[in-house]
Amino acid sequence: MRILSLPRSARVTVSATVIGLAVLTGCAQTDSPTATSGYSGPIGAIDLKQVCPTKIVVQSDWNPEAEHGGLYQLLGPNPAIDAAGKKVTGPLFAHGEYTGVDLEIRAGGPAIGFQTVTSQMYQDDSIMLGFVDTDQSIQSAATKPTTGVFAPLEINPQMIMWDPATYPNVHSISDLKAAKATVLYFQGAAYMDYLTGAGILDKSQVDGSYDGTPANFVAAGGAKAQQGFISTEPYLYEQKIPQWHKPVAYQLLHDTGFPVYKSALAVRSEKLEADSACLQRLVPVMQQAQLDYFADPATANDLIVHAVDKYDTGWVYDTGNAAFATKRMREAGVVGNGGNATVGDFDTARVQRVIDITRPIYTEQKVSVPQGLTTEQIATDRFIDPKIGFAS
């Protein structure tokens, strides 16, 4: 089965009723369906107006969340939240100065009927950048090719989690195999084909019925393991789901040898050259925004939480979750420089490994991957400023 519509629906979906949570919205952003910001202040040292569209549109892969924090960091004064359109628009700022263009961040997941970001990019020509995972880019390379230009997440935050009280001897995903624990996941995920194909898990123990809610995991009383994200589920299950209210243990999928770049910002490959002048100036701005966000995430997090509340898609995200996510992602290396001093770049060998891993998986699924597919077609560092990175 192809990965068609759930790139981010692996997120746990918990209603406010279930967890008794009142979403905090203490921020002063304007709630408006306005398509453009209308900002007319002076342009600062970085001028994007000369080379970029008047409005840079980014299609995200889920509801607003801390993983997208660097983007929300770019928004200047009084960003407008369009609750019906599930998008935020505002002037794009860099180093506290206006760049001459607007930024529009569109929600994904339930906001687009769980379609893939790639399909949205090919349906709507106004979308310049979209969040596309490495394996998804490989999967669609023959029909809807995309090229990553910036990787805000160094490590994929996806995980498999389990109850440490039920399984005290389980310390990794591979240990779940010996424990014969059922593992809940979204049907069609390429990483699960990797885990079972590599013998890390048995096909007989994996269950593709996970629907994004905690019901099955909680009802099993610790007997089942489940996919999730280290930036959200540990917080929710320990602090916000009263039927559980205890820690979970986990291992990152990245650490099993499945090193995709999650939510890399990509363009349609056919537009790479046409957009290159804009990307040359814009990508370093996004790199710096990532550093600025993690240095002081409060303002962007307030906007993220407020947008989630206004969108009202059934997903709950509070300021506690946002703060937890920023802290956990930095601690776990989900956000960082990787093996060098640069944030947001791609490791060519790593991209090639994902191609090598996923090609037979997609072949089995009757998905054609171009024989001559190169790492440069999937991701490029040509716009990355190697001098921009987290301080060591």
# chains A, B, ... in the order shown; residues from 1 in each chain; ligands from 1

call {"tool": "select_by_dssp", "arguments": {"residues": "stretch 182-307 of chain A", "states": "helix (DSSP H, G or I)", "output": "number ranges by chain"}}
result
A: 190-197, 203-205, 215-219, 233-240, 253-256, 269-271, 276-295, 298-307

call {"tool": "closest_atom_pairs", "arguments": {"of": "stretch 50-104 of chain A", "to": "stretch 123-143 of chain A", "cutoff": "6 Å", "atoms": "only C-alpha atoms", "output": "Markdown table"}}
result
| residue | atom | partner | partner_atom | distance |
| --- | --- | --- | --- | --- |
| A:Val57 | CA | A:Ile127 | CA | 4.9 |
| A:Val58 | CA | A:Leu129 | CA | 4.8 |
| A:Gln59 | CA | A:Gly130 | CA | 4.6 |
| A:Ser60 | CA | A:Phe131 | CA | 5.3 |
| A:Asp61 | CA | A:Phe131 | CA | 5.8 |

call {"tool": "residues_around", "arguments": {"residues": "A:Thr348", "least_positions_apart": "6", "cutoff": "10 Å", "atoms": "only C-alpha atoms", "output": "MDAnalysis selection string"}}
result
chainID A and resid 374:376 378:381

call {"tool": "write_last_selection", "arguments": {"atoms": "C-alpha atoms", "output": "mmCIF file, in the first residue's frame"}}
result
data_model
loop_
_atom_site.group_PDB
_atom_site.id
_atom_site.type_symbol
_atom_site.label_atom_id
_atom_site.label_comp_id
_atom_site.auth_asym_id
_atom_site.auth_seq_id
_atom_site.Cartn_x
_atom_site.Cartn_y
_atom_site.Cartn_z
ATOM 1 C CA THR A 374 20.354 10.961 -7.695
ATOM 2 C CA THR A 375 20.681 12.453 -4.246
ATOM 3 C CA GLU A 376 20.913 15.927 -5.798
ATOM 4 C CA ILE A 378 16.020 14.666 -3.851
ATOM 5 C CA ALA A 379 17.892 17.294 -1.820
ATOM 6 C CA THR A 380 20.420 20.052 -2.432
ATOM 7 C CA ASP A 381 22.663 22.231 -0.255
#

call {"tool": "select_by_dssp", "arguments": {"residues": "stretch 74-314 of chain A", "states": "strand (DSSP E)", "output": "VMD selection string"}}
result
chain A and resid 80 to 82 87 to 94 97 to 106 127 to 132 146 to 150 158 to 162 183 to 184 206 to 207 225 to 229 249 to 252 264 to 268

call {"tool": "closest_atom_pairs", "arguments": {"of": "stretch 256-354 of chain A", "to": "stretch 92-108 of chain A", "cutoff": "10 Å", "atoms": "only C-alpha atoms", "output": "tab-separated table"}}
result
residue	atom	partner	partner_atom	distance
A:Leu282	CA	A:Ala94	CA	9.6
A:Pro284	CA	A:Ala94	CA	9.9
A:Val285	CA	A:Ala94	CA	6.3
A:Met286	CA	A:Ala94	CA	8.6
A:Gln288	CA	A:Ala94	CA	8.2
A:Ala289	CA	A:Ala94	CA	7.4
A:Asp292	CA	A:His95	CA	9.0
A:Ala307	CA	A:Ala107	CA	9.5
A:Val308	CA	A:Ala107	CA	9.3
A:Tyr311	CA	A:Ala107	CA	8.9

call {"tool": "write_last_selection", "arguments": {"atoms": "all heavy atoms", "output": "short mmCIF file (atom, residue, chain, number, x, y, z; two decimals), in the first residue's frame"}}
result
data_model
loop_
_atom_site.label_atom_id
_atom_site.label_comp_id
_atom_site.auth_asym_id
_atom_site.auth_seq_id
_atom_site.Cartn_x
_atom_site.Cartn_y
_atom_site.Cartn_z
N LEU A 282 16.59 33.46 0.59
CA LEU A 282 15.58 33.02 1.57
C LEU A 282 16.07 31.91 2.48
O LEU A 282 15.79 31.92 3.69
CB LEU A 282 14.32 32.56 0.83
CG LEU A 282 13.20 31.98 1.69
CD1 LEU A 282 12.66 33.02 2.67
CD2 LEU A 282 12.07 31.45 0.79
N PRO A 284 19.07 31.03 3.74
CA PRO A 284 19.84 31.46 4.92
C PRO A 284 18.97 32.19 5.95
O PRO A 284 19.24 32.10 7.16
CB PRO A 284 20.90 32.39 4.32
CG PRO A 284 21.07 31.90 2.92
CD PRO A 284 19.70 31.49 2.48
N VAL A 285 17.95 32.91 5.50
CA VAL A 285 17.03 33.56 6.43
C VAL A 285 16.29 32.51 7.26
O VAL A 285 16.10 32.67 8.47
CB VAL A 285 16.03 34.46 5.66
CG1 VAL A 285 14.91 34.94 6.57
CG2 VAL A 285 16.75 35.66 5.05
N MET A 286 15.88 31.43 6.62
CA MET A 286 15.21 30.34 7.34
C MET A 286 16.17 29.64 8.28
O MET A 286 15.78 29.24 9.39
CB MET A 286 14.60 29.35 6.34
CG MET A 286 13.45 29.92 5.53
SD MET A 286 12.50 28.67 4.63
CE MET A 286 13.73 28.09 3.46
N GLN A 288 18.66 31.04 9.90
CA GLN A 288 18.83 31.92 11.06
C GLN A 288 17.57 31.92 11.92
O GLN A 288 17.65 31.96 13.15
CB GLN A 288 19.16 33.34 10.59
CG GLN A 288 19.45 34.30 11.73
CD GLN A 288 20.65 33.88 12.55
OE1 GLN A 288 21.71 33.55 12.00
NE2 GLN A 288 20.52 33.87 13.88
N ALA A 289 16.41 31.86 11.28
CA ALA A 289 15.15 31.85 12.03
C ALA A 289 15.06 30.61 12.91
O ALA A 289 14.49 30.66 14.01
CB ALA A 289 13.97 31.92 11.07
N ASP A 292 17.08 31.42 15.93
CA ASP A 292 16.40 32.43 16.74
C ASP A 292 15.21 31.83 17.49
O ASP A 292 14.95 32.19 18.65
CB ASP A 292 15.92 33.59 15.86
CG ASP A 292 17.07 34.36 15.23
OD1 ASP A 292 18.22 34.22 15.71
OD2 ASP A 292 16.83 35.09 14.24
N ALA A 307 -3.17 29.65 16.80
CA ALA A 307 -3.64 29.17 15.49
C ALA A 307 -4.32 27.81 15.62
O ALA A 307 -5.37 27.57 15.01
CB ALA A 307 -2.47 29.10 14.51
N VAL A 308 -3.73 26.91 16.40
CA VAL A 308 -4.34 25.59 16.60
C VAL A 308 -5.74 25.75 17.18
O VAL A 308 -6.69 25.08 16.74
CB VAL A 308 -3.47 24.72 17.54
CG1 VAL A 308 -4.22 23.47 17.97
CG2 VAL A 308 -2.17 24.33 16.84
N TYR A 311 -8.10 27.11 14.43
CA TYR A 311 -8.36 26.17 13.34
C TYR A 311 -9.39 25.13 13.76
O TYR A 311 -10.18 24.65 12.94
CB TYR A 311 -7.08 25.47 12.91
CG TYR A 311 -6.06 26.37 12.24
CD1 TYR A 311 -4.77 25.91 11.96
CD2 TYR A 311 -6.36 27.68 11.89
CE1 TYR A 311 -3.83 26.71 11.35
CE2 TYR A 311 -5.44 28.50 11.28
CZ TYR A 311 -4.16 28.01 11.01
OH TYR A 311 -3.23 28.81 10.41
#

call {"tool": "atom_distance", "arguments": {"atom1": "atom CA of A:Gln239", "atom2": "atom CA of A:Ala165"}}
result
16.9 Å

call {"tool": "residues_around", "arguments": {"residues": "A:Gly338", "least_positions_apart": "4", "cutoff": "10 Å", "atoms": "only C-alpha atoms", "output": "ChimeraX atom specification"}}
result
/A:153-155,333-334,342-347,389-390

call {"tool": "closest_residue", "arguments": {"among": "A:Pro152, A:Gln352, A:Ile160, A:Ile388", "to": "A:Gly69", "atoms": "only C-alpha atoms"}}
result
A:Pro152

call {"tool": "closest_atom_pairs", "arguments": {"of": "stretch 223-323 of chain A", "to": "stretch 208-212 of chain A", "cutoff": "12 Å", "atoms": "only C-alpha atoms", "output": "Markdown table"}}
result
| residue | atom | partner | partner_atom | distance |
| --- | --- | --- | --- | --- |
| A:Lys224 | CA | A:Tyr210 | CA | 11.1 |
| A:Ala225 | CA | A:Tyr210 | CA | 10.6 |
| A:Gln226 | CA | A:Tyr210 | CA | 7.9 |
| A:Gln227 | CA | A:Tyr210 | CA | 8.4 |
| A:Gly228 | CA | A:Gly212 | CA | 8.8 |
| A:Phe229 | CA | A:Gly212 | CA | 11.4 |
| A:Glu233 | CA | A:Gly212 | CA | 10.8 |
| A:Gly314 | CA | A:Gly212 | CA | 11.4 |
| A:Trp315 | CA | A:Gly212 | CA | 10.2 |

call {"tool": "residues_around", "arguments": {"residues": "A:Leu195", "least_positions_apart": "3", "cutoff": "10 Å", "atoms": "only C-alpha atoms", "output": "list in words"}}
result
Ile173, Ser174, Ala190, Tyr191, Met192, Ala198, Gly199, Ile200, Leu201, Asp202, Lys203, Val206, Leu253, Thr256, Gly257 and Phe258 of chain A

call {"tool": "residues_around", "arguments": {"residues": "A:Ile304", "least_positions_apart": "5", "cutoff": "8 Å", "atoms": "only C-alpha atoms", "output": "ChimeraX atom specification"}}
result
/A:64-66,69,72

call {"tool": "atom_distance", "arguments": {"atom1": "atom CA of A:Asn340", "atom2": "atom CA of A:Asp385"}}
result
12.4 Å

call {"tool": "closest_residue", "arguments": {"among": "A:Ser263, A:Ser276, A:Thr313, A:Asn301", "to": "A:Ile112", "atoms": "only C-alpha atoms"}}
result
A:Thr313

call {"tool": "atom_distance", "arguments": {"atom1": "atom CA of A:Ile384", "atom2": "atom CA of A:Asp275"}}
result
14.3 Å

call {"tool": "residues_around", "arguments": {"residues": "stretch 360-363 of chain A", "least_positions_apart": "2", "cutoff": "8 Å", "atoms": "only C-alpha atoms", "output": "PyMOL selection string"}}
result
chain A and resi 2+139+190+193-194+356-358+365-369

call {"tool": "write_last_selection", "arguments": {"atoms": "N, CA, C and O atoms", "output": "compact mmCIF listing (two decimals), in the first residue's frame"}}
result
# COMPACT_ATOMS: atom_id res chain seq x y z
N ARG A 2 0.50 2.22 -0.83
CA ARG A 2 1.28 3.46 -0.89
C ARG A 2 0.98 4.35 0.31
O ARG A 2 -0.10 4.31 0.88
N GLN A 139 9.41 8.44 -3.22
CA GLN A 139 8.20 7.75 -3.65
C GLN A 139 7.53 8.45 -4.84
O GLN A 139 7.01 7.80 -5.74
N ALA A 190 6.31 3.52 5.20
CA ALA A 190 7.49 2.85 4.65
C ALA A 190 8.44 2.38 5.74
O ALA A 190 9.11 1.35 5.60
N ASP A 193 7.79 -1.18 6.81
CA ASP A 193 8.30 -2.17 5.86
C ASP A 193 9.81 -2.35 6.04
O ASP A 193 10.34 -3.45 5.88
N TYR A 194 10.49 -1.26 6.37
CA TYR A 194 11.92 -1.36 6.67
C TYR A 194 12.16 -2.18 7.93
O TYR A 194 13.01 -3.08 7.94
N ASP A 356 18.39 3.80 -1.21
CA ASP A 356 18.69 2.37 -1.27
C ASP A 356 17.72 1.54 -0.43
O ASP A 356 17.34 0.42 -0.81
N ILE A 357 17.30 2.08 0.72
CA ILE A 357 16.38 1.36 1.59
C ILE A 357 14.98 1.30 1.01
O ILE A 357 14.31 0.26 1.03
N THR A 358 14.52 2.44 0.50
CA THR A 358 13.11 2.52 0.09
C THR A 358 12.83 2.00 -1.31
O THR A 358 11.69 1.62 -1.61
N GLN A 365 5.58 -2.34 -3.62
CA GLN A 365 4.28 -1.68 -3.61
C GLN A 365 3.83 -1.24 -5.00
O GLN A 365 2.81 -0.56 -5.15
N LYS A 366 4.60 -1.62 -6.02
CA LYS A 366 4.29 -1.28 -7.41
C LYS A 366 4.41 0.23 -7.67
O LYS A 366 3.72 0.80 -8.52
N VAL A 367 5.29 0.88 -6.94
CA VAL A 367 5.59 2.30 -7.15
C VAL A 367 6.93 2.40 -7.86
O VAL A 367 7.94 1.88 -7.38
N SER A 368 6.94 3.05 -8.99
CA SER A 368 8.16 3.15 -9.79
C SER A 368 9.07 4.26 -9.27
O SER A 368 8.65 5.41 -9.12
N VAL A 369 10.32 3.91 -8.96
CA VAL A 369 11.34 4.88 -8.58
C VAL A 369 12.35 4.95 -9.73
O VAL A 369 12.88 3.93 -10.15

call {"tool": "closest_residue", "arguments": {"among": "A:Gln187, A:Gln243, A:Gln371, A:Thr182", "to": "A:Ala223", "atoms": "only C-alpha atoms"}}
result
A:Thr182
